[in-house]
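With mmCIF, C-alpha atoms and all ligand atoms inside, this is final_18.cif:
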data_work
loop_
_atom_site.group_PDB
_atom_site.id
_atom_site.type_symbol
_atom_site.label_atom_id
_atom_site.label_comp_id
_atom_site.auth_asym_id
_atom_site.auth_seq_id
_atom_site.Cartn_x
_atom_site.Cartn_y
_atom_site.Cartn_z
ATOM 1 C CA MET A 1 2.566 5.191 21.467
ATOM 2 C CA HIS A 2 3.426 3.627 18.151
ATOM 3 C CA ASN A 3 5.932 1.282 19.755
ATOM 4 C CA ARG A 4 5.281 -1.247 17.023
ATOM 5 C CA ARG A 5 6.263 1.115 14.277
ATOM 6 C CA SER A 6 9.450 -0.845 13.762
ATOM 7 C CA PHE A 7 7.341 -3.411 11.973
ATOM 8 C CA ILE A 8 6.232 -0.896 9.444
ATOM 9 C CA LYS A 9 6.926 -2.030 5.998
ATOM 10 C CA SER A 10 8.298 0.609 3.700
ATOM 11 C CA THR A 11 8.207 -0.823 0.281
ATOM 12 C CA GLY A 12 7.192 2.519 -1.191
ATOM 13 C CA LEU A 13 4.992 2.723 -4.178
ATOM 14 C CA ALA A 14 6.503 -0.452 -5.438
ATOM 15 C CA THR A 15 4.192 -1.584 -8.154
ATOM 16 C CA ALA A 16 2.316 0.340 -10.700
ATOM 17 C CA ILE A 17 0.414 -0.867 -13.691
ATOM 18 C CA THR A 18 -0.192 1.528 -16.510
ATOM 19 C CA ALA A 19 -3.515 0.768 -18.021
ATOM 20 C CA ILE A 20 -4.777 3.668 -20.053
ATOM 21 C CA GLY A 21 -3.176 4.599 -23.311
ATOM 22 C CA CYS A 22 -0.805 1.640 -23.441
ATOM 23 C CA ASN A 23 -0.578 -1.988 -22.468
ATOM 24 C CA ALA A 24 -0.443 -2.856 -18.796
ATOM 25 C CA SER A 25 3.134 -2.848 -17.570
ATOM 26 C CA THR A 26 4.880 -2.839 -14.232
ATOM 27 C CA GLN A 27 6.684 0.272 -13.067
ATOM 28 C CA LYS A 28 9.001 0.673 -10.108
ATOM 29 C CA ASN A 29 8.689 3.493 -7.606
ATOM 30 C CA THR A 30 6.143 5.386 -9.599
ATOM 31 C CA SER A 31 5.720 8.834 -8.179
ATOM 32 C CA LYS A 32 2.429 10.606 -7.834
ATOM 33 C CA ILE A 33 0.966 12.133 -10.925
ATOM 34 C CA GLN A 34 1.141 15.944 -10.731
ATOM 35 C CA GLU A 35 -1.619 16.843 -13.086
ATOM 36 C CA TYR A 36 -5.235 18.040 -12.943
ATOM 37 C CA PRO A 37 -7.908 16.914 -12.952
ATOM 38 C CA LYS A 38 -7.162 13.788 -10.957
ATOM 39 C CA ILE A 39 -9.170 10.842 -9.642
ATOM 40 C CA ILE A 40 -8.029 8.460 -6.920
ATOM 41 C CA SER A 41 -9.902 5.410 -5.674
ATOM 42 C CA THR A 42 -9.476 2.444 -3.383
ATOM 43 C CA TRP A 43 -8.477 -0.840 -5.024
ATOM 44 C CA LYS A 44 -8.383 -1.547 -8.754
ATOM 45 C CA HIS A 45 -10.962 0.722 -10.278
ATOM 46 C CA LEU A 46 -9.292 1.683 -13.540
ATOM 47 C CA GLU A 47 -12.458 1.737 -15.623
ATOM 48 C CA ASP A 48 -14.432 3.518 -12.931
ATOM 49 C CA ASN A 49 -11.747 6.191 -12.506
ATOM 50 C CA LYS A 50 -11.639 6.604 -16.266
ATOM 51 C CA ALA A 51 -15.414 7.105 -16.393
ATOM 52 C CA ALA A 52 -15.115 9.732 -13.646
ATOM 53 C CA LEU A 53 -12.284 11.500 -15.434
ATOM 54 C CA ASP A 54 -14.134 11.494 -18.758
ATOM 55 C CA GLU A 55 -17.125 13.046 -17.018
ATOM 56 C CA LEU A 56 -14.933 15.837 -15.648
ATOM 57 C CA LEU A 57 -13.205 16.378 -18.983
ATOM 58 C CA SER A 58 -16.569 16.688 -20.689
ATOM 59 C CA GLY A 59 -17.212 19.766 -18.564
ATOM 60 C CA SER A 60 -19.246 18.242 -15.747
ATOM 61 C CA SER A 61 -18.662 19.062 -12.108
ATOM 62 C CA VAL A 62 -16.311 17.188 -9.807
ATOM 63 C CA LEU A 63 -19.395 15.851 -8.010
ATOM 64 C CA ASP A 64 -20.824 14.509 -11.298
ATOM 65 C CA ALA A 65 -17.481 12.814 -11.887
ATOM 66 C CA ILE A 66 -17.663 11.036 -8.541
ATOM 67 C CA GLU A 67 -21.227 9.916 -9.106
ATOM 68 C CA THR A 68 -20.449 8.638 -12.600
ATOM 69 C CA GLY A 69 -17.351 6.733 -11.514
ATOM 70 C CA ILE A 70 -19.063 5.087 -8.576
ATOM 71 C CA ARG A 71 -22.202 4.244 -10.561
ATOM 72 C CA MET A 72 -19.962 2.337 -12.922
ATOM 73 C CA ALA A 73 -18.598 0.291 -10.011
ATOM 74 C CA GLU A 74 -22.118 -0.290 -8.688
ATOM 75 C CA ASN A 75 -23.169 -1.577 -12.104
ATOM 76 C CA ASN A 76 -20.348 -4.065 -12.347
ATOM 77 C CA ALA A 77 -21.762 -7.435 -11.357
ATOM 78 C CA GLU A 78 -18.244 -8.816 -11.073
ATOM 79 C CA ASP A 79 -17.546 -6.513 -8.131
ATOM 80 C CA LEU A 80 -18.664 -8.675 -5.230
ATOM 81 C CA SER A 81 -18.478 -5.785 -2.759
ATOM 82 C CA VAL A 82 -20.432 -3.035 -4.487
ATOM 83 C CA GLY A 83 -23.935 -2.604 -5.867
ATOM 84 C CA VAL A 84 -25.346 -5.315 -8.114
ATOM 85 C CA GLY A 85 -23.836 -8.705 -7.297
ATOM 86 C CA GLY A 86 -22.617 -7.540 -3.881
ATOM 87 C CA LEU A 87 -22.289 -10.385 -1.387
ATOM 88 C CA PRO A 88 -25.243 -10.647 1.002
ATOM 89 C CA ASP A 89 -25.559 -10.651 4.769
ATOM 90 C CA ARG A 90 -25.854 -13.930 6.689
ATOM 91 C CA ASP A 91 -29.585 -14.069 5.915
ATOM 92 C CA GLY A 92 -29.051 -13.686 2.197
ATOM 93 C CA ASN A 93 -30.020 -10.007 1.881
ATOM 94 C CA ILE A 94 -27.834 -7.625 -0.116
ATOM 95 C CA THR A 95 -27.727 -4.415 1.923
ATOM 96 C CA LEU A 96 -25.904 -1.422 0.540
ATOM 97 C CA ASP A 97 -24.216 1.629 2.064
ATOM 98 C CA ALA A 98 -22.989 4.769 0.295
ATOM 99 C CA CYS A 99 -22.200 8.403 0.852
ATOM 100 C CA ILE A 100 -21.096 11.448 -1.094
ATOM 101 C CA MET A 101 -19.633 14.875 -0.240
ATOM 102 C CA ASP A 102 -19.242 17.932 -2.399
ATOM 103 C CA SER A 103 -16.883 20.896 -2.449
ATOM 104 C CA ALA A 104 -19.257 23.034 -0.406
ATOM 105 C CA GLY A 105 -19.096 20.612 2.521
ATOM 106 C CA LYS A 106 -22.552 19.196 1.875
ATOM 107 C CA ALA A 107 -23.049 15.483 2.466
ATOM 108 C CA GLY A 108 -25.570 12.769 1.657
ATOM 109 C CA SER A 109 -25.733 9.175 2.742
ATOM 110 C CA VAL A 110 -27.809 6.002 2.583
ATOM 111 C CA SER A 111 -27.339 2.858 4.614
ATOM 112 C CA PHE A 112 -28.872 -0.600 4.996
ATOM 113 C CA LEU A 113 -30.482 -0.043 1.607
ATOM 114 C CA GLN A 114 -31.993 -2.934 -0.309
ATOM 115 C CA GLY A 115 -33.051 -3.351 -3.937
ATOM 116 C CA ILE A 116 -31.639 -0.092 -5.287
ATOM 117 C CA ARG A 117 -28.876 -0.405 -7.844
ATOM 118 C CA HIS A 118 -27.265 2.992 -7.357
ATOM 119 C CA PRO A 119 -26.974 3.955 -3.704
ATOM 120 C CA ILE A 120 -24.465 6.684 -4.622
ATOM 121 C CA SER A 121 -27.111 8.470 -6.694
ATOM 122 C CA LEU A 122 -29.629 8.125 -3.893
ATOM 123 C CA ALA A 123 -27.071 9.538 -1.439
ATOM 124 C CA ARG A 124 -26.665 12.496 -3.772
ATOM 125 C CA LYS A 125 -30.447 12.988 -3.897
ATOM 126 C CA VAL A 126 -30.551 12.928 -0.102
ATOM 127 C CA MET A 127 -27.838 15.585 -0.068
ATOM 128 C CA GLU A 128 -29.378 17.810 -2.704
ATOM 129 C CA ASN A 129 -33.122 17.338 -2.323
ATOM 130 C CA THR A 130 -33.806 16.693 1.349
ATOM 131 C CA PRO A 131 -33.069 18.595 4.548
ATOM 132 C CA HIS A 132 -31.208 15.511 5.830
ATOM 133 C CA VAL A 133 -27.779 13.960 5.531
ATOM 134 C CA MET A 134 -28.678 10.299 5.967
ATOM 135 C CA LEU A 135 -31.561 7.962 5.207
ATOM 136 C CA THR A 136 -31.521 4.322 6.163
ATOM 137 C CA GLY A 137 -33.227 0.982 5.487
ATOM 138 C CA ALA A 138 -36.864 0.958 4.479
ATOM 139 C CA GLY A 139 -37.045 4.751 4.669
ATOM 140 C CA ALA A 140 -34.175 5.124 2.228
ATOM 141 C CA GLN A 141 -35.797 2.630 -0.116
ATOM 142 C CA GLN A 142 -39.141 4.410 0.176
ATOM 143 C CA TYR A 143 -37.525 7.706 -0.786
ATOM 144 C CA ALA A 144 -35.777 6.037 -3.714
ATOM 145 C CA ARG A 145 -39.082 4.654 -4.975
ATOM 146 C CA GLU A 146 -40.804 8.019 -4.520
ATOM 147 C CA ILE A 147 -38.277 9.736 -6.759
ATOM 148 C CA GLY A 148 -38.366 7.026 -9.402
ATOM 149 C CA PHE A 149 -35.534 4.634 -8.648
ATOM 150 C CA PRO A 150 -36.590 1.123 -9.722
ATOM 151 C CA LEU A 151 -36.663 -1.719 -7.223
ATOM 152 C CA GLU A 152 -34.425 -4.514 -8.466
ATOM 153 C CA ASP A 153 -33.136 -7.900 -7.449
ATOM 154 C CA LEU A 154 -29.425 -7.193 -7.151
ATOM 155 C CA SER A 155 -28.318 -10.777 -6.674
ATOM 156 C CA THR A 156 -26.455 -12.560 -9.446
ATOM 157 C CA VAL A 157 -25.682 -16.188 -10.221
ATOM 158 C CA GLU A 158 -22.251 -15.530 -8.777
ATOM 159 C CA SER A 159 -23.421 -13.908 -5.536
ATOM 160 C CA ASN A 160 -26.086 -16.597 -5.013
ATOM 161 C CA LYS A 161 -23.502 -19.292 -5.577
ATOM 162 C CA ALA A 162 -21.085 -17.696 -3.111
ATOM 163 C CA PHE A 163 -23.846 -17.395 -0.511
ATOM 164 C CA ALA A 164 -24.934 -21.030 -0.994
ATOM 165 C CA GLU A 165 -21.332 -22.094 -0.490
ATOM 166 C CA TRP A 166 -20.962 -19.963 2.650
ATOM 167 C CA LYS A 167 -24.261 -21.318 4.031
ATOM 168 C CA LYS A 168 -22.854 -24.831 4.135
ATOM 169 C CA LYS A 169 -20.741 -23.885 7.153
ATOM 170 C CA SER A 170 -22.160 -20.473 8.010
ATOM 171 C CA ILE A 171 -18.994 -19.455 9.789
ATOM 172 C CA TYR A 172 -18.611 -15.721 10.100
ATOM 173 C CA LYS A 173 -15.002 -14.753 10.437
ATOM 174 C CA PRO A 174 -14.185 -11.429 8.857
ATOM 175 C CA LYS A 175 -10.933 -11.615 6.988
ATOM 176 C CA ILE A 176 -11.465 -8.484 5.144
ATOM 177 C CA ASN A 177 -9.429 -7.003 2.317
ATOM 178 C CA ILE A 178 -6.588 -9.411 2.737
ATOM 179 C CA GLU A 179 -7.733 -10.660 -0.604
ATOM 180 C CA ASN A 180 -8.226 -7.985 -3.227
ATOM 181 C CA HIS A 181 -11.490 -6.202 -2.757
ATOM 182 C CA ASP A 182 -13.758 -3.901 -4.670
ATOM 183 C CA THR A 183 -15.442 -1.558 -2.198
ATOM 184 C CA VAL A 184 -15.066 1.771 -3.882
ATOM 185 C CA GLY A 185 -14.037 5.007 -2.226
ATOM 186 C CA MET A 186 -13.288 7.682 -4.816
ATOM 187 C CA LEU A 187 -11.872 11.218 -4.520
ATOM 188 C CA ALA A 188 -11.543 13.775 -7.297
ATOM 189 C CA ILE A 189 -10.040 17.205 -7.839
ATOM 190 C CA ASP A 190 -10.886 19.427 -10.786
ATOM 191 C CA ASN A 191 -8.832 22.052 -12.610
ATOM 192 C CA ASN A 192 -9.875 24.676 -10.078
ATOM 193 C CA GLY A 193 -8.772 22.618 -7.085
ATOM 194 C CA ASN A 194 -12.297 21.694 -6.043
ATOM 195 C CA LEU A 195 -12.621 18.371 -4.269
ATOM 196 C CA ALA A 196 -15.454 15.854 -3.990
ATOM 197 C CA GLY A 197 -15.712 12.242 -2.884
ATOM 198 C CA GLY A 198 -17.943 9.229 -2.632
ATOM 199 C CA CYS A 199 -17.986 5.743 -1.243
ATOM 200 C CA SER A 200 -20.174 2.707 -2.014
ATOM 201 C CA THR A 201 -20.239 -0.847 -0.715
ATOM 202 C CA SER A 202 -22.303 -3.904 0.045
ATOM 203 C CA GLY A 203 -20.280 -4.075 3.244
ATOM 204 C CA VAL A 204 -18.696 -7.025 4.898
ATOM 205 C CA ALA A 205 -19.946 -10.258 3.363
ATOM 206 C CA TYR A 206 -22.203 -12.393 5.603
ATOM 207 C CA LYS A 207 -22.480 -9.670 8.224
ATOM 208 C CA MET A 208 -25.394 -9.653 10.674
ATOM 209 C CA HIS A 209 -28.613 -8.386 9.176
ATOM 210 C CA GLY A 210 -28.812 -4.690 9.994
ATOM 211 C CA ARG A 211 -25.076 -4.191 10.334
ATOM 212 C CA VAL A 212 -23.834 -0.900 8.910
ATOM 213 C CA GLY A 213 -20.135 -0.246 8.443
ATOM 214 C CA ASP A 214 -18.043 2.857 8.003
ATOM 215 C CA SER A 215 -18.794 3.484 4.339
ATOM 216 C CA PRO A 216 -22.001 5.557 4.688
ATOM 217 C CA ILE A 217 -20.840 7.390 7.802
ATOM 218 C CA ILE A 218 -19.589 10.887 7.057
ATOM 219 C CA GLY A 219 -16.169 11.224 8.662
ATOM 220 C CA ALA A 220 -15.626 7.459 8.853
ATOM 221 C CA GLY A 221 -15.783 6.045 5.314
ATOM 222 C CA LEU A 222 -15.397 9.443 3.661
ATOM 223 C CA PHE A 223 -14.630 13.033 4.460
ATOM 224 C CA VAL A 224 -14.103 16.023 2.179
ATOM 225 C CA ASP A 225 -13.058 19.486 3.304
ATOM 226 C CA ASN A 226 -12.510 21.607 0.236
ATOM 227 C CA ASP A 227 -10.056 23.830 2.120
ATOM 228 C CA TYR A 228 -7.700 21.028 3.097
ATOM 229 C CA GLY A 229 -8.312 17.694 1.419
ATOM 230 C CA ALA A 230 -10.325 14.519 1.210
ATOM 231 C CA ALA A 231 -9.987 10.946 2.431
ATOM 232 C CA THR A 232 -11.817 7.658 2.097
ATOM 233 C CA ALA A 233 -11.513 4.246 3.693
ATOM 234 C CA THR A 234 -11.903 0.588 2.917
ATOM 235 C CA GLY A 235 -11.590 -2.470 5.082
ATOM 236 C CA MET A 236 -13.127 -3.527 8.369
ATOM 237 C CA GLY A 237 -15.605 -0.755 8.963
ATOM 238 C CA GLU A 238 -15.752 -1.243 12.714
ATOM 239 C CA LEU A 239 -12.090 -0.224 13.043
ATOM 240 C CA VAL A 240 -12.669 2.859 10.928
ATOM 241 C CA LEU A 241 -15.842 3.784 12.795
ATOM 242 C CA ARG A 242 -14.150 3.608 16.178
ATOM 243 C CA THR A 243 -11.511 6.108 15.095
ATOM 244 C CA LEU A 244 -13.582 8.224 12.707
ATOM 245 C CA GLY A 245 -10.802 7.521 10.259
ATOM 246 C CA SER A 246 -11.470 9.662 7.202
ATOM 247 C CA PHE A 247 -12.183 12.748 9.267
ATOM 248 C CA LEU A 248 -8.981 12.072 11.159
ATOM 249 C CA VAL A 249 -6.963 11.849 7.930
ATOM 250 C CA VAL A 250 -8.322 15.184 6.697
ATOM 251 C CA GLU A 251 -7.812 16.799 10.097
ATOM 252 C CA LEU A 252 -4.200 15.630 10.122
ATOM 253 C CA MET A 253 -3.706 17.145 6.658
ATOM 254 C CA ARG A 254 -5.244 20.365 7.986
ATOM 255 C CA GLN A 255 -2.571 20.290 10.679
ATOM 256 C CA GLY A 256 0.166 19.961 8.068
ATOM 257 C CA ALA A 257 0.616 16.245 7.397
ATOM 258 C CA THR A 258 1.036 15.059 3.832
ATOM 259 C CA PRO A 259 -1.701 12.716 2.556
ATOM 260 C CA ALA A 260 0.596 9.710 3.031
ATOM 261 C CA GLU A 261 1.585 10.752 6.570
ATOM 262 C CA ALA A 262 -2.026 11.412 7.494
ATOM 263 C CA CYS A 263 -3.155 7.992 6.220
ATOM 264 C CA LYS A 264 -0.341 6.325 8.129
ATOM 265 C CA ASP A 265 -1.132 8.166 11.364
ATOM 266 C CA ALA A 266 -4.801 7.220 11.084
ATOM 267 C CA VAL A 267 -3.822 3.561 10.664
ATOM 268 C CA MET A 268 -1.480 3.864 13.653
ATOM 269 C CA ARG A 269 -4.360 5.207 15.720
ATOM 270 C CA ILE A 270 -6.099 1.881 15.060
ATOM 271 C CA VAL A 271 -2.932 -0.031 15.889
ATOM 272 C CA ASP A 272 -2.513 1.857 19.163
ATOM 273 C CA LYS A 273 -6.019 0.870 20.231
ATOM 274 C CA GLY A 274 -5.387 -2.824 19.484
ATOM 275 C CA ASN A 275 -7.979 -5.426 18.399
ATOM 276 C CA TYR A 276 -7.067 -5.241 14.742
ATOM 277 C CA GLN A 277 -5.652 -8.758 14.328
ATOM 278 C CA ASP A 278 -6.454 -10.463 11.021
ATOM 279 C CA LEU A 279 -8.240 -7.370 9.778
ATOM 280 C CA GLN A 280 -7.468 -4.821 7.152
ATOM 281 C CA VAL A 281 -8.048 -1.086 6.832
ATOM 282 C CA GLY A 282 -6.800 1.070 3.984
ATOM 283 C CA TYR A 283 -6.993 4.826 3.541
ATOM 284 C CA VAL A 284 -6.442 6.965 0.479
ATOM 285 C CA ALA A 285 -6.198 10.730 0.678
ATOM 286 C CA MET A 286 -5.798 13.757 -1.551
ATOM 287 C CA ASP A 287 -4.838 17.230 -0.409
ATOM 288 C CA LYS A 288 -5.927 20.595 -1.752
ATOM 289 C CA GLN A 289 -2.985 20.600 -4.169
ATOM 290 C CA GLY A 290 -3.961 17.205 -5.560
ATOM 291 C CA ASN A 291 -1.108 15.356 -3.839
ATOM 292 C CA THR A 292 -2.175 11.857 -2.905
ATOM 293 C CA GLY A 293 -1.182 9.153 -0.473
ATOM 294 C CA ALA A 294 -2.359 5.890 1.026
ATOM 295 C CA TYR A 295 -1.574 3.515 3.848
ATOM 296 C CA SER A 296 -2.985 0.254 5.156
ATOM 297 C CA LEU A 297 -2.810 -1.997 8.160
ATOM 298 C CA VAL A 298 -1.748 -5.041 6.166
ATOM 299 C CA SER A 299 0.027 -5.281 2.834
ATOM 300 C CA GLY A 300 -2.076 -6.033 -0.203
ATOM 301 C CA PHE A 301 -4.028 -2.809 -0.333
ATOM 302 C CA ASN A 302 -3.747 -0.966 -3.585
ATOM 303 C CA TYR A 303 -5.365 2.065 -5.100
ATOM 304 C CA THR A 304 -5.882 3.634 -8.491
ATOM 305 C CA GLU A 305 -4.758 7.086 -9.542
ATOM 306 C CA THR A 306 -5.907 8.527 -12.834
ATOM 307 C CA THR A 307 -5.204 11.648 -14.860
ATOM 308 C CA LYS A 308 -5.512 12.477 -18.537
ATOM 309 C CA SER A 309 -2.045 11.144 -19.270
ATOM 310 C CA ASP A 310 -1.911 8.062 -17.105
ATOM 311 C CA SER A 311 -3.763 5.664 -14.870
ATOM 312 C CA VAL A 312 -1.852 3.553 -12.399
ATOM 313 C CA ILE A 313 -2.522 0.987 -9.733
ATOM 314 C CA LEU A 314 -0.233 1.580 -6.781
ATOM 315 C CA ASP A 315 0.602 -0.596 -3.787
ATOM 316 C CA ALA A 316 0.095 1.213 -0.499
ATOM 317 C CA ASP A 317 2.698 1.061 2.238
ATOM 318 C CA SER A 318 1.472 -0.924 5.206
ATOM 319 C CA TYR A 319 2.081 -1.504 8.896
ATOM 320 C CA LEU A 320 2.213 -5.290 8.603
ATOM 321 C CA ASP A 321 3.433 -7.551 5.816
HETATM 322 N N1 LIG A 401 -15.659 -0.798 4.752
HETATM 323 C C1 LIG A 401 -16.674 -1.724 4.326
HETATM 324 C C2 LIG A 401 -17.514 -2.106 5.518
HETATM 325 O O1 LIG A 401 -16.987 -2.304 6.581
HETATM 326 C C3 LIG A 401 -16.166 -2.942 3.673
HETATM 327 C C4 LIG A 401 -14.963 -2.834 2.798
HETATM 328 O O2 LIG A 401 -14.463 -1.777 2.498
HETATM 329 O O3 LIG A 401 -14.477 -3.852 2.367
HETATM 330 O O4 LIG A 401 -18.692 -2.296 5.334
#
Give the structure from the file, written as structure tokens.
Ligand code: ASP
Amino acid sequence: MHNRRSFIKSTGLATAITAIGCNASTQKNTSKIQEYPKIISTWKHLEDNKAALDELLSGSSVLDAIETGIRMAENNAEDLSVGVGGLPDRDGNITLDACIMDSAGKAGSVSFLQGIRHPISLARKVMENTPHVMLTGAGAQQYAREIGFPLEDLSTVESNKAFAEWKKKSIYKPKINIENHDTVGMLAIDNNGNLAGGCSTSGVAYKMHGRVGDSPIIGAGLFVDNDYGAATATGMGELVLRTLGSFLVVELMRQGATPAEACKDAVMRIVDKGNYQDLQVGYVAMDKQGNTGAYSLVSGFNYTETTKSDSVILDADSYLD
């Protein structure tokens, strides 16, 4: 077990960029922000976290905050991994996955969804207005249309160009999240210690048509237990699915691990099983006290933590350089 732990890199929270309230600057060894409310998300989602925080500060619920923050990411055509402008599958279809969980343990999810700009909002509708947890494909789209979501072409000049370029060779070799990525997993805690979370993605670029990753799967891409904590994942969904990663992170916190320890142990579970070469997985977690942590398979994973007084991008510790 864990005999390769000696390779674990321990750079700590080496880099932080302050981006709200002052010019971006680099900080060393920035500690976690002990302040409520708090938003944490995978990758560089400063604006999206800020939108979520503003929603909370305006008096909305922690669930509203999550939906608002993730909708902002889904709207951003420059994010090539989320919502509009997301990179397509190998047949040129943009298929979207998302899920959401609230403080009461309720969950909603949509997968393999096409033509709907805000899968996170549809996931919330599934959670709140249907007897189900998950709708998929044409059925999810049908429900969206029934409740008034417009059908849209979500491709952009940029995503079409990227697909045309990929088509020239059509080689599918996932090399996920080594480069910076935009798939958004977001967790929030309000002043009363209530947690909620959401996750939204267009999935792995140039995947097989019909492929669904971890992001819409409750317990894989996201898990929230208001008594103990919340976790969300990014990276190669198959690795997260096989280990039910986000549930595992929360369960480890329930057993006493800190968010950082829990994220690391969940990554090590993947390592112990093997078959992770050239792939990336990153977890972020928040406990019931609002403490946060993150860990990834390979270096290069960062995450964004936001409170009223500060918003920072932090480098996660990783197993491999
Ligand atoms: N986890 C997503 C998936 O496998 C992709 C990502 O986070 O980059 O679909």
field: Using all atoms listed in the file: which of A:Gly237, A:Pro37, A:Gly185, A:Gly198 has the shortest distance to ligand LIG 401 (chain A)
entry: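 Using all atoms listed in the file, the shortest distance to ligand LIG 401 (chain A) belongs to A:Gly237.
What separates CA of Ser246 (chain A) from CA of Asn75 (chain A) is a distance of 25.2 Å.
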field: Output check: residues returned by the PyMOL selection byres (((chain A and resi 63) around 9) and not hetatm), as a list in words
entry: Leu56, Ser60, Ser61, Val62, Asp64, Ala65, Ile66, Glu67, Thr68, Ile100, Met101, Asp102, Ser103, Ala188, Leu195, Ala196, Gly197 and Gly198 of chain A
query: By how many Å are CA of Met236 (chain A) and CA of Asp278 (chain A) apart?
result: 10.0 Å
message: Taking the file as I've supplied it (selection: the PyMOL selection byres (((chain A and resi 316) around 8) and not hetatm)), which residues are included? Please answer as number ranges by chain.
response: A: 12-13, 294-296, 299-303, 314-315, 317-318
query: Do you know which residues are within 10 Å of ligand LIG 401 (chain A) using only C-alpha atoms and all ligand atoms? Can you write them as a PyMOL selection string?
result: chain A and resi 42-43+80-82+95-98+174-178+180-185+199-205+207+211-216+220-221+232-241+280-282
- prompt: Which residues, written as a PyMOL selection string, have at least one atom at most 10 Å from Asp265 (chain A), with all atoms listed in the file counted and residues fewer than 3 positions away on the same chain left out?
  reply: chain A and resi 2+245+248-249+252+257+259-262+268-271+295
- prompt: Nearest to Asp272 (chain A) among A:Leu53, A:Met286, A:Leu297, A:Met186, with distances taken over only C-alpha atoms: which residue is it?
  reply: A:Leu297
task: Starting from the shown file, work through the PyMOL selection byres (((chain A and resi 106) around 12) and not hetatm) and note down what comes out as a ChimeraX atom specification.
output: /A:63,99-105,107-109,123-134,195-198,218,223-226
task: Tell me, in Å to one decimal, how far CA of Asn191 (chain A) is from CA of Arg254 (chain A).
output: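 Taking CA of Asn191 (chain A) and CA of Arg254 (chain A), their separation equals 21.0 Å.
Distances to Thr156 (chain A) were evaluated for A:Leu113, A:Leu122, A:Val84, A:Asn93 using only C-alpha atoms, and the minimum falls at A:Val84.
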message: I'd like the contact shell of Ala77 (chain A) - 9 Å cut-off, only C-alpha atoms, skipping same-chain residues fewer than 4 positions apart - returned as an MDAnalysis selection string.
response: chainID A and resid 73 82:86 154:156 158:159
Any chance you could work out the axis-aligned box around region 236-248 of chain A, listed atoms only, 3 Å on each side, giving centre and edge lengths in Å to one decimal, as JSON?
{"center_x": -12.4, "center_y": 4.6, "center_z": 11.7, "size_x": 12.9, "size_y": 22.3, "size_z": 15.0}
message: At a cut-off of 7 Å, using all atoms listed in the file, what residues contact region 150-152 of chain A? Leave out same-chain residues fewer than 2 positions from it and give the result as a list in words.
response: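 Counting all atoms listed in the file, the residues come to Gly115, Ile116, Arg117, Arg145, Gly148 and Leu154 of chain A.
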- request: Find the residue from A:Trp166, A:Tyr228, A:Tyr206, A:Phe247 that sits nearest to Ile94 (chain A); use only C-alpha atoms when measuring.
  value: A:Tyr206
- prompt: Nearest to Gly137 (chain A) among A:Tyr319, A:Asp48, A:Glu305, A:Gln114, with distances taken over all atoms listed in the file: which residue is it?
  reply: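 Checking each candidate against Gly137 (chain A), we get A:Gln114 as the closest.
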message: Taking only C-alpha atoms into account, name the residue in A:Ile189, A:Ala144, A:Glu251, A:Ile217 that is nearest to Asn291 (chain A).
response: A:Ile189
- request: Just the residues within 12 Å of Ala164 (chain A), please, counting only C-alpha atoms, with nothing from its chain fewer than 2 positions along; format it as a PyMOL selection string.
  value: chain A and resi 87-92+157-162+166-170+206
